[in-house]
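The next block holds one structure in the form of structure tokens; read it before the comments.
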Amino acid sequence: MEPSLASIHALVTKLKKNLFSKVKSENHQLFVSPSAYDTAWLAMIPHPVEHNNPLFRGCLEWLVDNQKEEGYWGESGNGDLPTIDVLPPTIASMVVLRKWGVGATNIEKSLKFINANMVDMLHDQRHRLPRWFSIVFPATIELAESSGIELNICDYTKSMIAEISNQRQQILCKEDIVDKWKNFPLLAYLETFQSAKYDVDQETIIKHLSEDGSLFQSPSATAQAYISTRNPKCLKYLMSLVEKCPNGVPQKYPIDQELVELSMVDQVQRLGLSEYFSDEIDHILRKVYRSYLVKEYSPEDNRFIAEKLFKDSLAFRLFRTHGYNISPSTFCWFLHDNEILRHLEHNYAQFSSVLYNVFKATDLFFYEENDVHDARSFSRKLLQKISTMKNVDDNFVIFPNLLQMIFEELNTPWTARLDHLDHRMWIEQNKEGPLWIGKASFYRLSCVHNMELMQLALQNYKFKQLIYRNELEELKRWSKKWGLSEMGFGREKTLYCYFAVSASTCLPHDSLIRMLVAKSAILITVADDFFDMRGSLEELHFLIDAINRWDGEGLSGPSKVIFDVLDDLVRDITNTLVLRGKIDLTEDFRSLWKETFNSWLTETTWGRSGYIPSVDEYLQTSMISIATHILVLTSSCFLNPSIPENKVKPQKYENITQSLMATTRLLNDIQSYQKEQEEGTTNLVLLHFNQNPDASMDHSISTVKRLLDMKRNELLKHVFTDDDGDFPNQWKHLHLSCFKVFQMLFNSSNLYDTESELQLDIAKAIYVSPKHELPKCTKPHTTFQAVSKEGNVMISARYHDQYIMNNHRLSKRPMRNISPKVLNSTMFGLCFI
């Protein structure tokens, strides 16, 4: 069944009500998956008066009701298959059920699961156990034994448990009780100390309590802190926690609300759904931005380095993407702390997700921002080391396919990846969603790992593909009708042009703009080839004369086809604008095309006469002949809001448009100099080489690349800041999309002139649905038999849908993207020299 706009809007409405309303309510704990381990520790606390009953009976009932069908509790870090991550919560849950004399059936199922699986789980991971597991697992084993639970442990399993216990002892001896490098320092594992015979006095515990009464925001550690000290602040914290989270408590409370919100915005954007939730995204970013305006970094903030740096780099990237005035010091503070730098360099694998986030934040650096440039070099160096590893043991968050994500970022710049294909890749990679590493297992943020959000992303992508297929067929009919696809010379690029436009534009449902840009690009390709390889100078002068007069009388052959298509296209555009209540821009559009055609004639005359222009002379012409200004200026008139009519005039281009024209010309020249050298065509790389006889061709290429870097940075600054006046963001992003198309086509070679290089990406963008299966819903059992000391009782179950997702295969082919911009030629010439 094909997705429809109605079904998409229904899902959007549902998500606004069920998901984003929780953001506004600011009860962000609703987004965090419950922790069976922490819930079990709260359930262990006895009632201060009724000692034979738990203080938090709801926690006990939640454990009874939320055992997995296979017999374990907890989240697994390996998709559908349980791993060692489920052993501590399962054992802790058995202990507490046994303590209160309930859940006999649950305990029996758990014992079967443990006895059948524990030895294999431990064997598979015995040489790469995470720190938290080495601390927690031996303690739960000892707790089970002291509770009288008989685990059927063979000699081999006993030897592995002894090894893990030795690792725990080494950690306890080596680490400080509070270590700023650990999201959860040793004291956060207070509940494990009794079995480890690791004494901590009450004074130390109380000294490290937070203002809210918690011990490092850990419910399990705070539960033990209350048992050990009876501190009323701890009890107040636990009571508040259970009130906020009656259906199982999370591993961390309170969670960082801003990090949850920023992660949610990031997920929505990367799934390609920003257009539906623009108001909600703006609300979140405005709120978080206000808090960042008053934040200042100080070394005392360094309790949890990973979380802070992850959050700050994500915030910087999102703020800058949305045009906020944000300082690089927001996340570059770590560069000025040698201790942090040394720790990151020595433990880079544990900070993989953090370094990935830092590197992505540096995508949006401006030329004068030295700190951001340094952060990019630093993170790139460490990510390159990480990319050679087979596995990554991150200590903060686990992204699905993180190594593939790192490979993509290091090898294909974001400006060379098309948004539509990036959205597809993220949909396919988010089978499970990121797992956040808690104190004793994993947890998920439901606002990020949300099935309805994934369903919307899939439907939206497929709906776009449906639109794109229909538009492409219409475009093919248009090309055939005018004879553009059967000219008998040059490049037939109807498919390439439409793919580039559709996969890059930020306006997914605006068919008029896509078709206008695609038709213009096809016409530009055909006309440019006619000037380069087919038309005689006499024919070209005759065509230019007709265009300058805007009268095609007397034309024949390709010249007539080109003029007729151009005339019809301009007439169609201007008539549509008039029908929409805009002024008639016929003469302005004609002037843009006249200027471009004249630049092609100039370049052809240079090539055939052997004339070598100066750098300034070349740039003044070639920035026009690349024709990207036509693509963005004519289509910009159909944006809402549109640009002022006086901006659509030749030789009066805004800075952002000049930057687009320059960068796209440079991209083309760097990858096309060999072809143009053979054809005798002028090119900036060849100009530099000819004017510098002592320089090598590689030196000339490097020189032009440096200029490209400078102009690209200039373009990005125009896009992401307000220095260009009050222009609509859509207009700026149309320039960015055009630039990204050229960056994709000319990133490492000239893909535009290939016959099949883009076919796989075209298929993914237009024809083949993403490889992502939505989960099937199953209902858990409704009741469990619970046995109390007084007799048999029934504890009612809560109903929670459990989602089981199928594996999918991912393509390892890098995706590409689109965008355009240009520069002032005189200034460019001075920089060049």
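Numbering starts fresh at 1 for the residues of each chain in the structure tokens, the chains themselves are lettered A, B, ... in the order given, and ligands are numbered from 1 as they appear.
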At a cut-off of 9 Å, using only C-alpha atoms, what residues contact stretch 576-581 of chain A? Leave out same-chain residues fewer than 4 positions from it and give the result as a PDB file with all heavy atoms, in the first residue's frame.
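Contents of part.pdb, as written:
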```pdb
ATOM      1  N   ARG A 571       8.553  32.005 -20.507  1.00  0.00           N
ATOM      2  CA  ARG A 571       7.139  32.408 -20.577  1.00  0.00           C
ATOM      3  C   ARG A 571       6.315  31.662 -19.534  1.00  0.00           C
ATOM      4  O   ARG A 571       5.455  32.246 -18.849  1.00  0.00           O
ATOM      5  CB  ARG A 571       6.594  32.147 -21.982  1.00  0.00           C
ATOM      6  CG  ARG A 571       5.146  32.675 -22.161  1.00  0.00           C
ATOM      7  CD  ARG A 571       4.560  32.327 -23.525  1.00  0.00           C
ATOM      8  NE  ARG A 571       5.373  32.859 -24.609  1.00  0.00           N
ATOM      9  CZ  ARG A 571       6.081  32.108 -25.448  1.00  0.00           C
ATOM     10  NH1 ARG A 571       6.096  30.794 -25.294  1.00  0.00           N
ATOM     11  NH2 ARG A 571       6.784  32.666 -26.410  1.00  0.00           N
ATOM     12  N   ASP A 572       6.572  30.362 -19.399  1.00  0.00           N
ATOM     13  CA  ASP A 572       5.824  29.541 -18.447  1.00  0.00           C
ATOM     14  C   ASP A 572       6.074  30.004 -17.009  1.00  0.00           C
ATOM     15  O   ASP A 572       5.155  30.114 -16.200  1.00  0.00           O
ATOM     16  CB  ASP A 572       6.226  28.073 -18.610  1.00  0.00           C
ATOM     17  CG  ASP A 572       5.372  27.149 -17.758  1.00  0.00           C
ATOM     18  OD1 ASP A 572       4.142  27.297 -17.766  1.00  0.00           O
ATOM     19  OD2 ASP A 572       5.939  26.266 -17.079  1.00  0.00           O
ATOM     20  N   LEU A 585       8.170  39.402 -14.361  1.00  0.00           N
ATOM     21  CA  LEU A 585       9.637  39.451 -14.363  1.00  0.00           C
ATOM     22  C   LEU A 585      10.222  38.945 -15.673  1.00  0.00           C
ATOM     23  O   LEU A 585      11.385  38.515 -15.712  1.00  0.00           O
ATOM     24  CB  LEU A 585      10.187  38.604 -13.194  1.00  0.00           C
ATOM     25  CG  LEU A 585       9.888  39.117 -11.780  1.00  0.00           C
ATOM     26  CD1 LEU A 585      10.362  38.111 -10.738  1.00  0.00           C
ATOM     27  CD2 LEU A 585      10.570  40.462 -11.553  1.00  0.00           C
ATOM     28  N   CYS A 637      11.963  32.904  -6.663  1.00  0.00           N
ATOM     29  CA  CYS A 637      10.754  33.731  -6.787  1.00  0.00           C
ATOM     30  C   CYS A 637       9.497  32.961  -6.378  1.00  0.00           C
ATOM     31  O   CYS A 637       8.447  33.557  -6.143  1.00  0.00           O
ATOM     32  CB  CYS A 637      10.607  34.236  -8.215  1.00  0.00           C
ATOM     33  SG  CYS A 637      11.926  35.361  -8.703  1.00  0.00           S
ATOM     34  N   PHE A 638       9.605  31.622  -6.302  1.00  0.00           N
ATOM     35  CA  PHE A 638       8.448  30.805  -5.949  1.00  0.00           C
ATOM     36  C   PHE A 638       8.474  30.352  -4.493  1.00  0.00           C
ATOM     37  O   PHE A 638       7.608  29.600  -4.064  1.00  0.00           O
ATOM     38  CB  PHE A 638       8.379  29.581  -6.866  1.00  0.00           C
ATOM     39  CG  PHE A 638       8.063  29.933  -8.288  1.00  0.00           C
ATOM     40  CD1 PHE A 638       9.080  30.136  -9.204  1.00  0.00           C
ATOM     41  CD2 PHE A 638       6.750  30.080  -8.711  1.00  0.00           C
ATOM     42  CE1 PHE A 638       8.803  30.475 -10.517  1.00  0.00           C
ATOM     43  CE2 PHE A 638       6.460  30.420 -10.024  1.00  0.00           C
ATOM     44  CZ  PHE A 638       7.482  30.625 -10.936  1.00  0.00           C
TER      45      PHE A 638
END
```
Do a neighbour search on A:Gln167 at 12 Å with only C-alpha atoms, toss out local chain neighbours closer than 6 positions, and write the hits as a PyMOL selection string.
-> chain A and resi 126-138+160-161+173-174+196
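Look at A:Phe589: the protein and nucleic acid residues within 8 Å of it, using only C-alpha atoms and passing over chain neighbours fewer than 4 places away, are Val570, Leu585, Trp593, Thr634, Val648 and Lys649 of chain A.
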Selection export as a PDB file, in the first residue's frame, atoms kept: N, CA and C atoms:
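result-v7.pdb written:
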```pdb
ATOM      1  N   VAL A 570      10.831  30.471 -20.018  1.00  0.00           N
ATOM      2  CA  VAL A 570      10.710  31.795 -19.404  1.00  0.00           C
ATOM      3  C   VAL A 570       9.255  32.250 -19.394  1.00  0.00           C
ATOM      4  N   LEU A 585       8.170  39.402 -14.361  1.00  0.00           N
ATOM      5  CA  LEU A 585       9.637  39.451 -14.363  1.00  0.00           C
ATOM      6  C   LEU A 585      10.222  38.945 -15.673  1.00  0.00           C
ATOM      7  N   TRP A 593      19.330  35.014 -18.649  1.00  0.00           N
ATOM      8  CA  TRP A 593      19.693  34.011 -19.659  1.00  0.00           C
ATOM      9  C   TRP A 593      20.588  34.625 -20.746  1.00  0.00           C
ATOM     10  N   THR A 634      15.850  32.239 -10.278  1.00  0.00           N
ATOM     11  CA  THR A 634      14.519  32.067 -10.876  1.00  0.00           C
ATOM     12  C   THR A 634      13.615  31.253  -9.953  1.00  0.00           C
ATOM     13  N   VAL A 648      16.621  39.947  -8.632  1.00  0.00           N
ATOM     14  CA  VAL A 648      16.741  39.058  -9.788  1.00  0.00           C
ATOM     15  C   VAL A 648      17.209  39.884 -10.981  1.00  0.00           C
ATOM     16  N   LYS A 649      18.403  40.422 -10.880  1.00  0.00           N
ATOM     17  CA  LYS A 649      18.922  41.250 -11.962  1.00  0.00           C
ATOM     18  C   LYS A 649      20.387  40.907 -12.207  1.00  0.00           C
TER      19      LYS A 649
END
```
Excluding A:Lys14 and residues on its chain fewer than 4 positions from it, collect all residues at most 12 Å away from it, counting only C-alpha atoms, and give them as a ChimeraX atom specification.
-> /A:7-10,18-21,276-277,452-453,455-456
Could you take the residues named above and write them with C-alpha atoms, as a compact mmCIF listing (two decimals), in the first residue's frame?
```
# COMPACT_ATOMS: atom_id res chain seq x y z
CA SER A 7 -1.75 9.10 6.42
CA ILE A 8 1.42 11.16 6.91
CA HIS A 9 -0.49 14.09 8.37
CA ALA A 10 -2.41 11.71 10.67
CA ASN A 18 1.77 12.01 22.13
CA LEU A 19 5.44 12.87 21.79
CA PHE A 20 6.00 16.60 21.60
CA SER A 21 3.37 17.38 24.21
CA TYR A 276 6.48 18.69 9.95
CA PHE A 277 7.78 19.82 13.33
CA GLU A 452 5.72 6.02 15.27
CA LEU A 453 8.52 8.43 14.42
CA GLN A 455 6.92 4.82 10.73
CA LEU A 456 6.51 8.47 9.75
```
Go through A:Lys717, A:His688, A:Lys17, A:His541 and flag the residue nearest A:Ile612, using only C-alpha atoms for the distances.
-> A:His688
Would you mind writing down, as JSON, numbers by chain, each residue of stretch 454-549 of chain A that DSSP on the backbone assigns to alpha helix (DSSP H)?
-> {"A": [454, 455, 456, 457, 458, 459, 460, 461, 462, 463, 464, 465, 466, 467, 468, 469, 470, 471, 472, 473, 474, 475, 476, 477, 478, 479, 480, 481, 482, 494, 495, 496, 497, 498, 499, 500, 501, 502, 503, 504, 511, 512, 513, 514, 515, 516, 517, 518, 519, 520, 521, 522, 523, 524, 525, 526, 527, 528, 529, 537, 538, 539, 540, 541, 542, 543, 544, 545, 546, 547, 548, 549]}
Skip stretch 682-686 of chain A itself and residues of its chain fewer than 3 positions away, then list as JSON, numbers by chain all residues within 8 Å of it, counting only C-alpha atoms.
-> {"A": [603, 606, 607, 612, 615, 618, 666, 669, 670, 673, 676, 677, 689, 690, 697, 700, 701, 704]}
Just the residues within 8 Å of A:Arg491, please, counting only C-alpha atoms, with nothing from its chain fewer than 2 positions along; format it as a ChimeraX atom specification.
-> /A:489,493,525-526,529,753
Could you turn the residues from that selection into a file that holds all heavy atoms, as a compact mmCIF listing (two decimals), in the first residue's frame?
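The resulting out_36.txt:
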```txt
# COMPACT_ATOMS: atom_id res chain seq x y z
N PHE A 489 24.11 15.06 -30.00
CA PHE A 489 25.43 15.47 -29.54
C PHE A 489 25.34 15.72 -28.03
O PHE A 489 24.26 15.86 -27.47
CB PHE A 489 25.91 16.75 -30.24
CG PHE A 489 25.07 17.96 -29.94
CD1 PHE A 489 25.32 18.75 -28.84
CD2 PHE A 489 23.98 18.29 -30.76
CE1 PHE A 489 24.54 19.86 -28.55
CE2 PHE A 489 23.20 19.39 -30.48
CZ PHE A 489 23.47 20.18 -29.38
N LYS A 493 21.19 14.29 -19.94
CA LYS A 493 21.27 14.25 -18.49
C LYS A 493 19.93 14.52 -17.81
O LYS A 493 19.89 15.09 -16.71
CB LYS A 493 22.31 15.27 -18.00
CG LYS A 493 23.73 14.94 -18.43
CD LYS A 493 24.19 13.61 -17.83
CE LYS A 493 25.58 13.23 -18.29
NZ LYS A 493 26.00 11.90 -17.78
N THR A 525 22.73 22.28 -19.78
CA THR A 525 23.64 21.22 -20.23
C THR A 525 23.67 21.11 -21.75
O THR A 525 24.74 21.05 -22.37
CB THR A 525 23.23 19.86 -19.62
OG1 THR A 525 23.23 19.97 -18.19
CG2 THR A 525 24.19 18.76 -20.04
N VAL A 526 22.48 21.11 -22.36
CA VAL A 526 22.40 20.98 -23.82
C VAL A 526 23.03 22.20 -24.51
O VAL A 526 23.82 22.06 -25.45
CB VAL A 526 20.93 20.81 -24.26
CG1 VAL A 526 20.81 20.91 -25.78
CG2 VAL A 526 20.38 19.48 -23.77
N ASP A 529 26.85 22.26 -24.15
CA ASP A 529 27.48 21.29 -25.06
C ASP A 529 27.43 21.77 -26.50
O ASP A 529 28.37 21.53 -27.28
CB ASP A 529 26.78 19.93 -24.94
CG ASP A 529 27.13 19.21 -23.65
OD1 ASP A 529 28.09 19.64 -22.98
OD2 ASP A 529 26.45 18.22 -23.31
N ASP A 753 29.76 13.67 -15.88
CA ASP A 753 30.05 13.21 -17.24
C ASP A 753 30.12 11.69 -17.34
O ASP A 753 30.45 11.15 -18.39
CB ASP A 753 31.38 13.80 -17.71
CG ASP A 753 31.26 15.28 -18.03
OD1 ASP A 753 30.12 15.77 -18.15
OD2 ASP A 753 32.30 15.96 -18.14
```
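Proximity to A:Tyr253 was assessed for A:Val565, A:Ala116, A:Ser33, A:Cys497 counting only C-alpha atoms; the smallest distance is recorded for A:Ser33.
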Using only C-alpha atoms, find the one residue out of A:Lys109, A:Lys464, A:Lys705, A:Lys764 that sits nearest to A:Ser511.
-> A:Lys464
